[in-house]
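K.L.:
Take this structure, written in structure tokens, and hold onto it; I'll ask about it next.
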Amino acid sequence: GKGMNMEDVRAHSRRSSGRRMSVDSSMDMRRLERAASFQIEARQARDVTQDNRLRIVEELMASEVVYFDRLRSVFHTYANPLSKWGLTGKDHDMLFAGLDQLLKLVESFIRQLDDTLAHWDTKPAKIGGIIASIGTFWAVYEHYCCSQRQLLRRLKEKEKNSAFKAFLDVRRDSSQSGLSLEALLSLPVQRVPEYQRLLCHLFDTMEHDHPDFDHLSDAVAKANQLVQRRQEEAVFLENQIKLAQVQERFSQNLYLNLPLDCVDAEGRKKKSSLPSQRGGSHTGHGSGAPRYRNGGVVHNNTSPGAVIRAWKGSPIRATVRTYVKEGAVQFTTGYSHQDRYLVLFSDLLLVAKSKSQSTFRLKQRHRLSEMWLAECIEEVSETSLKGELSFVLGWPTSNTVATFG
């Protein structure tokens, strides 16, 4: 129904999942492709290029037909053959559950677009109205996008099995599209920005009094929101992975995923900030993974799914630090020189000493709010240093000249 939300979508996905997916569709794709091509040719023959809305809707229709055809090929090329090959029901559901519902949604969208184009009239044509009539349109896409990272991670794990990987390669080589399973499973996520682009262009052609204005405005807003959310998650995920990579090079725990207020001046976690491990909701991240009371994951679980859940549920989401840059530096105070390695974050500077080519020992950590920069090199160093490569770096207990290579 139109009132379905994300929980309804998840429930429907669980009910419709199974080892063999149904893709029985009465829609004749060749007919639709010919119709889309004919419509474009007819418009060109009539020379009605001034109707920008028609041109955009035709592009939407043509690309949606190609998208649907490729999406449907997932079942013929991979899903159903894999169920016969011996893929477990759990793995099959993980990889393909939800696609059946997505296909039905896209098929309904295409049918209504086809009918609109067959009786095209710029004034009453309601593309936003079509999307609104498919009540779960954005909820289904959001559900799929949210699960896609976990889905692809599971696929990568399965591909470590040489027999599984060989089977996928054979199926890909025998398919018409020649697309890998990973590429096909990524199509819905890639389609959302295309919806955003086309719907925004369509909205730009409309007057405020157009009967589709409100519905299309809502569709554009939801597409923008979904794309922005995916972009924010990608940036957050990339940063969390970077924090984990920095942590891996230090023997001591840096608590990089905790705000500054939760860590003392020596880099030790304050007792009041210890995560609760009593009871709590676990979502499959391992019994040993420390967690915030709200379920947010502490630094030692940086799997994409766990990170995204932490990003969505954690109250410290806005305060999690951002990795900026790192590199070797030479500190000079008076006549003394020290080789150090700096790791800069949005609120913190780590000063480390190299133990090996890839590991470091933490020497100091400083809040950026308590640091300063200056150009008075000669007042801190007794040796001659290149001014274009050096500056004074200071904190409450010391000043030193930092020289970069």
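We name chains A, B, ... following the order of the structure tokens; residues begin at 1 in each chain, and ligands are numbered from 1 as shown.
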List the neighbours of stretch 251-254 of chain A out to 10 Å using only C-alpha atoms; skip same-chain residues closer than 3 positions along the sequence, and give me the result as number ranges by chain.

P.N.:
A: 243-244, 246-248, 257-258, 263, 267-269, 299-300, 350, 359-362, 365

K.L.:
Can you spit out the residues from that selection as a compact mmCIF listing (two decimals), in the first residue's frame, using all heavy atoms?

P.N.:
# COMPACT_ATOMS: atom_id res chain seq x y z
N LEU A 243 40.76 5.74 9.97
CA LEU A 243 41.07 5.73 11.41
C LEU A 243 41.57 4.35 11.83
O LEU A 243 42.52 4.24 12.61
CB LEU A 243 39.82 6.09 12.22
CG LEU A 243 39.25 7.50 12.08
CD1 LEU A 243 38.07 7.68 13.02
CD2 LEU A 243 40.28 8.57 12.32
N ALA A 244 40.92 3.31 11.33
CA ALA A 244 41.33 1.94 11.67
C ALA A 244 42.73 1.65 11.14
O ALA A 244 43.54 0.98 11.81
CB ALA A 244 40.32 0.94 11.11
N VAL A 246 45.17 3.80 10.67
CA VAL A 246 46.12 4.51 11.53
C VAL A 246 46.31 3.71 12.82
O VAL A 246 47.45 3.49 13.27
CB VAL A 246 45.63 5.94 11.84
CG1 VAL A 246 46.50 6.58 12.93
CG2 VAL A 246 45.66 6.79 10.58
N GLN A 247 45.22 3.27 13.43
CA GLN A 247 45.30 2.52 14.68
C GLN A 247 46.15 1.26 14.53
O GLN A 247 46.93 0.91 15.43
CB GLN A 247 43.89 2.15 15.15
CG GLN A 247 43.85 1.22 16.36
CD GLN A 247 44.44 1.84 17.60
OE1 GLN A 247 43.86 2.73 18.20
NE2 GLN A 247 45.63 1.40 17.99
N GLU A 248 46.03 0.59 13.40
CA GLU A 248 46.75 -0.66 13.18
C GLU A 248 48.26 -0.48 13.23
O GLU A 248 49.00 -1.42 13.48
CB GLU A 248 46.34 -1.27 11.84
CG GLU A 248 44.93 -1.87 11.84
CD GLU A 248 44.48 -2.28 10.46
OE1 GLU A 248 45.27 -2.08 9.50
OE2 GLU A 248 43.37 -2.79 10.33
N ASN A 257 38.15 6.65 17.76
CA ASN A 257 36.72 6.81 17.52
C ASN A 257 35.99 7.42 18.70
O ASN A 257 34.78 7.51 18.70
CB ASN A 257 36.08 5.46 17.18
CG ASN A 257 36.03 5.22 15.69
OD1 ASN A 257 36.64 5.94 14.93
ND2 ASN A 257 35.31 4.20 15.29
N LEU A 258 36.75 7.83 19.73
CA LEU A 258 36.14 8.49 20.86
C LEU A 258 36.40 9.98 20.80
O LEU A 258 37.48 10.41 20.40
CB LEU A 258 36.70 7.93 22.17
CG LEU A 258 36.35 6.47 22.50
CD1 LEU A 258 36.97 6.09 23.84
CD2 LEU A 258 34.85 6.27 22.55
N VAL A 263 38.90 11.00 26.43
CA VAL A 263 40.29 10.55 26.53
C VAL A 263 41.08 11.59 27.31
O VAL A 263 40.94 12.79 27.07
CB VAL A 263 40.90 10.35 25.13
CG1 VAL A 263 42.33 9.82 25.24
CG2 VAL A 263 40.03 9.40 24.30
N GLY A 267 46.24 10.18 26.69
CA GLY A 267 45.69 9.28 25.67
C GLY A 267 45.02 8.06 26.25
O GLY A 267 44.77 7.09 25.53
N ARG A 268 44.70 8.08 27.55
CA ARG A 268 43.99 6.97 28.17
C ARG A 268 42.50 7.25 28.19
O ARG A 268 42.09 8.38 28.45
CB ARG A 268 44.50 6.72 29.59
CG ARG A 268 45.97 6.29 29.66
CD ARG A 268 46.31 5.89 31.09
NE ARG A 268 46.16 7.03 31.99
CZ ARG A 268 47.16 7.82 32.36
NH1 ARG A 268 48.39 7.60 31.90
NH2 ARG A 268 46.95 8.83 33.20
N LYS A 269 41.71 6.21 27.99
CA LYS A 269 40.27 6.38 28.01
C LYS A 269 39.80 6.63 29.44
O LYS A 269 40.18 5.90 30.36
CB LYS A 269 39.57 5.15 27.42
CG LYS A 269 38.07 5.28 27.34
CD LYS A 269 37.46 4.25 26.42
CE LYS A 269 37.79 2.83 26.81
NZ LYS A 269 37.08 1.85 26.00
N HIS A 299 36.01 1.47 18.06
CA HIS A 299 36.93 1.44 16.92
C HIS A 299 37.31 0.07 16.41
O HIS A 299 37.66 -0.08 15.26
CB HIS A 299 38.23 2.16 17.31
CG HIS A 299 39.18 1.29 18.09
ND1 HIS A 299 39.04 1.07 19.45
CD2 HIS A 299 40.24 0.54 17.68
CE1 HIS A 299 40.00 0.25 19.85
NE2 HIS A 299 40.73 -0.09 18.82
N ASN A 300 37.24 -0.99 17.27
CA ASN A 300 37.77 -2.27 16.83
C ASN A 300 36.79 -3.07 15.98
O ASN A 300 37.03 -4.22 15.66
CB ASN A 300 38.21 -3.12 18.03
CG ASN A 300 37.05 -3.43 18.96
OD1 ASN A 300 36.05 -2.74 18.93
ND2 ASN A 300 37.20 -4.46 19.76
N LEU A 350 48.74 13.73 16.35
CA LEU A 350 49.55 12.68 16.95
C LEU A 350 51.00 12.87 16.53
O LEU A 350 51.28 13.06 15.34
CB LEU A 350 49.08 11.29 16.49
CG LEU A 350 47.64 10.89 16.79
CD1 LEU A 350 47.39 9.47 16.31
CD2 LEU A 350 47.33 11.02 18.28
N THR A 359 55.23 0.70 11.38
CA THR A 359 54.70 0.79 12.73
C THR A 359 55.33 1.97 13.47
O THR A 359 56.47 2.36 13.19
CB THR A 359 54.95 -0.50 13.53
OG1 THR A 359 56.37 -0.74 13.60
CG2 THR A 359 54.26 -1.68 12.87
N PHE A 360 54.57 2.51 14.43
CA PHE A 360 55.01 3.71 15.15
C PHE A 360 54.73 3.58 16.64
O PHE A 360 53.86 2.81 17.07
CB PHE A 360 54.27 4.95 14.61
CG PHE A 360 54.49 5.20 13.15
CD1 PHE A 360 53.62 4.68 12.20
CD2 PHE A 360 55.58 5.96 12.71
CE1 PHE A 360 53.82 4.90 10.85
CE2 PHE A 360 55.78 6.19 11.36
CZ PHE A 360 54.90 5.66 10.43
N ARG A 361 55.48 4.36 17.42
CA ARG A 361 55.23 4.48 18.84
C ARG A 361 54.79 5.91 19.12
O ARG A 361 55.46 6.87 18.72
CB ARG A 361 56.48 4.16 19.66
CG ARG A 361 56.23 4.24 21.17
CD ARG A 361 57.38 3.70 22.01
NE ARG A 361 58.55 4.59 21.96
CZ ARG A 361 59.67 4.32 21.31
NH1 ARG A 361 59.76 3.18 20.60
NH2 ARG A 361 60.69 5.14 21.31
N LEU A 362 53.66 6.05 19.80
CA LEU A 362 53.12 7.37 20.08
C LEU A 362 53.99 8.09 21.11
O LEU A 362 54.28 7.56 22.18
CB LEU A 362 51.69 7.25 20.61
CG LEU A 362 50.97 8.57 20.89
CD1 LEU A 362 50.74 9.34 19.59
CD2 LEU A 362 49.64 8.32 21.60
N ARG A 365 50.31 13.48 22.03
CA ARG A 365 49.05 13.79 21.35
C ARG A 365 48.58 15.15 21.86
O ARG A 365 48.61 15.41 23.07
CB ARG A 365 48.00 12.71 21.55
CG ARG A 365 47.67 12.36 22.96
CD ARG A 365 46.72 11.17 23.05
NE ARG A 365 45.39 11.47 22.55
CZ ARG A 365 44.58 10.56 22.01
NH1 ARG A 365 44.97 9.31 21.86
NH2 ARG A 365 43.37 10.91 21.59

K.L.:
Give me the residues within 7 Å of A:Gly129 as a PyMOL selection string, counting only C-alpha atoms and dropping any in the same chain fewer than 6 places off.

P.N.:
chain A and resi 212+215-216

K.L.:
Ranking A:Gln231, A:Ser108, A:Gln176, A:Thr205 by minimum distance to A:Asn52 and counting only C-alpha atoms, which one comes first?

P.N.:
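Looking only at the distances to A:Asn52, the closest residue turns out to be A:Thr205.
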
K.L.:
Skip A:Gln357 itself and residues of its chain fewer than 3 positions away, then list as a list in words all residues within 12 Å of it, counting only C-alpha atoms.

P.N.:
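Counting only the stated atoms, we get Arg249, Ala328, Tyr341, Lys353, Ser354, Phe360 and Arg361 of chain A.
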
K.L.:
For C-alpha atoms, I'd like the residues from the last selection saved as a PDB file, in the first residue's frame.

P.N.:
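out35.pdb written:
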ATOM      1  CA  ARG A 249      50.193   0.985  12.971  1.00  0.00           C
ATOM      2  CA  ALA A 328      57.371  12.597   8.184  1.00  0.00           C
ATOM      3  CA  TYR A 341      55.920  11.301  12.159  1.00  0.00           C
ATOM      4  CA  LYS A 353      58.377   7.917  16.361  1.00  0.00           C
ATOM      5  CA  SER A 354      58.999   5.286  13.733  1.00  0.00           C
ATOM      6  CA  PHE A 360      55.006   3.708  15.151  1.00  0.00           C
ATOM      7  CA  ARG A 361      55.227   4.480  18.842  1.00  0.00           C
TER       8      ARG A 361
END

K.L.:
Name the closest residue to A:Trp85 among the candidates A:Val324, A:Ile241, A:Ala166, A:Val227; distances are taken between atoms, counting only C-alpha atoms.

P.N.:
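Once distances to A:Trp85 are computed over only C-alpha atoms, the minimum belongs to A:Ala166.
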
K.L.:
What's the 12 Å shell around A:Ser217, counting only C-alpha atoms, without same-chain residues fewer than 3 positions away, as a compact mmCIF listing (two decimals) with all heavy atoms, in the first residue's frame?

P.N.:
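Result went into part_1.txt, see below:
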# COMPACT_ATOMS: atom_id res chain seq x y z
N LYS A 126 1.87 13.31 -15.66
CA LYS A 126 2.31 13.34 -14.27
C LYS A 126 3.31 12.23 -13.98
O LYS A 126 2.93 11.13 -13.58
CB LYS A 126 1.10 13.21 -13.34
CG LYS A 126 0.08 14.32 -13.46
CD LYS A 126 -1.07 14.10 -12.50
CE LYS A 126 -2.11 15.20 -12.61
NZ LYS A 126 -3.24 14.99 -11.68
N ILE A 127 4.59 12.53 -14.15
CA ILE A 127 5.63 11.54 -13.86
C ILE A 127 5.81 11.41 -12.35
O ILE A 127 5.95 10.31 -11.82
CB ILE A 127 6.96 11.94 -14.53
CG1 ILE A 127 6.73 12.16 -16.04
CG2 ILE A 127 8.01 10.87 -14.29
CD1 ILE A 127 6.09 11.01 -16.76
N GLY A 128 5.79 12.55 -11.66
CA GLY A 128 5.86 12.50 -10.20
C GLY A 128 4.67 11.77 -9.63
O GLY A 128 4.77 11.06 -8.62
N GLY A 129 3.52 11.93 -10.27
CA GLY A 129 2.30 11.23 -9.84
C GLY A 129 2.44 9.73 -9.97
O GLY A 129 1.92 8.97 -9.14
N ILE A 131 5.26 7.99 -9.68
CA ILE A 131 6.12 7.55 -8.58
C ILE A 131 5.33 7.54 -7.27
O ILE A 131 5.45 6.62 -6.46
CB ILE A 131 7.36 8.45 -8.48
CG1 ILE A 131 8.23 8.29 -9.73
CG2 ILE A 131 8.16 8.14 -7.22
CD1 ILE A 131 9.42 9.23 -9.79
N ALA A 132 4.50 8.58 -7.06
CA ALA A 132 3.70 8.65 -5.84
C ALA A 132 2.69 7.50 -5.76
O ALA A 132 2.39 7.01 -4.67
CB ALA A 132 2.97 9.99 -5.78
N GLN A 196 17.65 10.91 -9.86
CA GLN A 196 17.82 12.28 -9.37
C GLN A 196 18.11 13.24 -10.52
O GLN A 196 17.49 14.31 -10.62
CB GLN A 196 18.98 12.32 -8.36
CG GLN A 196 19.24 13.71 -7.79
CD GLN A 196 20.62 13.81 -7.16
OE1 GLN A 196 21.60 13.23 -7.64
NE2 GLN A 196 20.72 14.56 -6.07
N LEU A 199 14.89 13.50 -12.93
CA LEU A 199 13.76 14.15 -12.28
C LEU A 199 14.05 15.63 -12.03
O LEU A 199 13.14 16.47 -12.14
CB LEU A 199 13.43 13.44 -10.97
CG LEU A 199 12.88 12.01 -11.10
CD1 LEU A 199 12.68 11.38 -9.72
CD2 LEU A 199 11.57 11.99 -11.88
N CYS A 200 15.30 15.95 -11.70
CA CYS A 200 15.66 17.36 -11.51
C CYS A 200 15.54 18.13 -12.83
O CYS A 200 15.03 19.27 -12.85
CB CYS A 200 17.08 17.48 -10.97
SG CYS A 200 17.23 17.11 -9.21
N HIS A 201 15.99 17.53 -13.92
CA HIS A 201 15.85 18.18 -15.23
C HIS A 201 14.38 18.37 -15.59
O HIS A 201 13.98 19.41 -16.12
CB HIS A 201 16.54 17.34 -16.30
CG HIS A 201 18.03 17.40 -16.23
ND1 HIS A 201 18.85 16.60 -16.99
CD2 HIS A 201 18.86 18.17 -15.49
CE1 HIS A 201 20.11 16.88 -16.72
NE2 HIS A 201 20.14 17.82 -15.80
N LEU A 202 13.58 17.35 -15.28
CA LEU A 202 12.16 17.43 -15.58
C LEU A 202 11.49 18.52 -14.74
O LEU A 202 10.67 19.30 -15.24
CB LEU A 202 11.50 16.07 -15.30
CG LEU A 202 10.06 15.89 -15.77
CD1 LEU A 202 9.96 16.03 -17.28
CD2 LEU A 202 9.54 14.51 -15.34
N PHE A 203 11.88 18.61 -13.48
CA PHE A 203 11.32 19.62 -12.58
C PHE A 203 11.67 21.03 -13.05
O PHE A 203 10.87 21.96 -12.91
CB PHE A 203 11.83 19.38 -11.16
CG PHE A 203 11.19 20.26 -10.13
CD1 PHE A 203 9.87 20.06 -9.74
CD2 PHE A 203 11.90 21.29 -9.54
CE1 PHE A 203 9.27 20.87 -8.79
CE2 PHE A 203 11.32 22.10 -8.59
CZ PHE A 203 10.00 21.89 -8.21
N ASP A 204 12.87 21.19 -13.61
CA ASP A 204 13.30 22.51 -14.09
C ASP A 204 12.45 23.02 -15.25
O ASP A 204 12.44 24.22 -15.54
CB ASP A 204 14.77 22.47 -14.51
CG ASP A 204 15.71 22.34 -13.31
OD1 ASP A 204 15.27 22.63 -12.19
OD2 ASP A 204 16.87 21.92 -13.50
N THR A 205 11.75 22.11 -15.94
CA THR A 205 10.94 22.52 -17.09
C THR A 205 9.52 22.90 -16.70
O THR A 205 8.74 23.31 -17.55
CB THR A 205 10.87 21.38 -18.13
OG1 THR A 205 10.09 20.29 -17.59
CG2 THR A 205 12.25 20.88 -18.52
N MET A 206 9.18 22.74 -15.41
CA MET A 206 7.78 22.88 -15.00
C MET A 206 7.46 24.25 -14.44
O MET A 206 8.31 24.90 -13.82
CB MET A 206 7.45 21.82 -13.93
CG MET A 206 7.48 20.41 -14.45
SD MET A 206 7.09 19.23 -13.15
CE MET A 206 5.43 19.74 -12.74
N GLU A 207 6.22 24.66 -14.64
CA GLU A 207 5.69 25.85 -14.01
C GLU A 207 5.02 25.45 -12.68
O GLU A 207 4.63 24.30 -12.48
CB GLU A 207 4.65 26.52 -14.93
CG GLU A 207 5.19 26.95 -16.29
CD GLU A 207 6.23 28.07 -16.18
OE1 GLU A 207 6.21 28.79 -15.17
OE2 GLU A 207 7.05 28.19 -17.11
N HIS A 208 4.87 26.42 -11.80
CA HIS A 208 4.31 26.14 -10.48
C HIS A 208 2.87 25.66 -10.55
O HIS A 208 2.41 24.95 -9.64
CB HIS A 208 4.39 27.39 -9.59
CG HIS A 208 5.77 27.68 -9.11
ND1 HIS A 208 6.31 27.13 -7.96
CD2 HIS A 208 6.76 28.46 -9.64
CE1 HIS A 208 7.54 27.56 -7.79
NE2 HIS A 208 7.84 28.37 -8.80
N HIS A 210 1.65 23.60 -12.77
CA HIS A 210 1.51 22.31 -13.44
C HIS A 210 0.92 21.30 -12.47
O HIS A 210 1.28 21.26 -11.29
CB HIS A 210 2.88 21.81 -13.94
CG HIS A 210 2.78 20.67 -14.90
ND1 HIS A 210 2.52 19.38 -14.48
CD2 HIS A 210 2.90 20.61 -16.26
CE1 HIS A 210 2.50 18.57 -15.53
NE2 HIS A 210 2.72 19.30 -16.62
N PRO A 211 -0.02 20.47 -12.91
CA PRO A 211 -0.68 19.51 -12.00
C PRO A 211 0.27 18.50 -11.38
O PRO A 211 -0.09 17.88 -10.37
CB PRO A 211 -1.71 18.82 -12.92
CG PRO A 211 -1.26 19.09 -14.31
CD PRO A 211 -0.60 20.43 -14.28
N ASP A 212 1.45 18.32 -11.95
CA ASP A 212 2.41 17.36 -11.40
C ASP A 212 3.45 18.03 -10.50
O ASP A 212 4.35 17.37 -10.01
CB ASP A 212 3.12 16.63 -12.56
CG ASP A 212 3.83 15.36 -12.11
OD1 ASP A 212 3.33 14.70 -11.17
OD2 ASP A 212 4.88 15.04 -12.69
N PHE A 213 3.32 19.34 -10.30
CA PHE A 213 4.37 20.09 -9.60
C PHE A 213 4.62 19.53 -8.19
O PHE A 213 5.78 19.28 -7.82
CB PHE A 213 3.99 21.58 -9.50
CG PHE A 213 5.07 22.43 -8.89
CD1 PHE A 213 6.08 22.96 -9.68
CD2 PHE A 213 5.09 22.69 -7.53
CE1 PHE A 213 7.08 23.73 -9.12
CE2 PHE A 213 6.08 23.46 -6.96
CZ PHE A 213 7.08 23.99 -7.75
N ASP A 214 3.59 19.33 -7.41
CA ASP A 214 3.77 18.89 -6.02
C ASP A 214 4.36 17.48 -5.94
O ASP A 214 5.29 17.22 -5.18
CB ASP A 214 2.43 18.94 -5.27
CG ASP A 214 1.98 20.37 -5.02
OD1 ASP A 214 2.84 21.28 -5.07
OD2 ASP A 214 0.78 20.58 -4.80
N VAL A 220 11.71 14.64 -6.34
CA VAL A 220 13.05 15.22 -6.42
C VAL A 220 13.67 15.31 -5.02
O VAL A 220 14.84 14.98 -4.82
CB VAL A 220 13.01 16.61 -7.08
CG1 VAL A 220 14.34 17.33 -6.91
CG2 VAL A 220 12.68 16.47 -8.57
N ALA A 221 12.88 15.76 -4.04
CA ALA A 221 13.38 15.89 -2.67
C ALA A 221 13.82 14.54 -2.11
O ALA A 221 14.87 14.44 -1.47
CB ALA A 221 12.30 16.52 -1.78
N LYS A 222 13.03 13.50 -2.37
CA LYS A 222 13.36 12.17 -1.85
C LYS A 222 14.58 11.59 -2.57
O LYS A 222 15.41 10.93 -1.94
CB LYS A 222 12.15 11.24 -1.97
CG LYS A 222 11.05 11.59 -0.98
CD LYS A 222 9.84 10.69 -1.12
CE LYS A 222 8.78 11.06 -0.08
NZ LYS A 222 7.55 10.25 -0.22
N ALA A 223 14.69 11.83 -3.86
CA ALA A 223 15.87 11.36 -4.60
C ALA A 223 17.13 12.07 -4.10
O ALA A 223 18.17 11.44 -3.87
CB ALA A 223 15.69 11.61 -6.10
N ASN A 224 17.02 13.38 -3.89
CA ASN A 224 18.16 14.14 -3.37
C ASN A 224 18.57 13.63 -1.99
O ASN A 224 19.77 13.49 -1.70
CB ASN A 224 17.80 15.63 -3.27
CG ASN A 224 17.74 16.30 -4.63
OD1 ASN A 224 18.28 15.81 -5.60
ND2 ASN A 224 17.07 17.44 -4.70
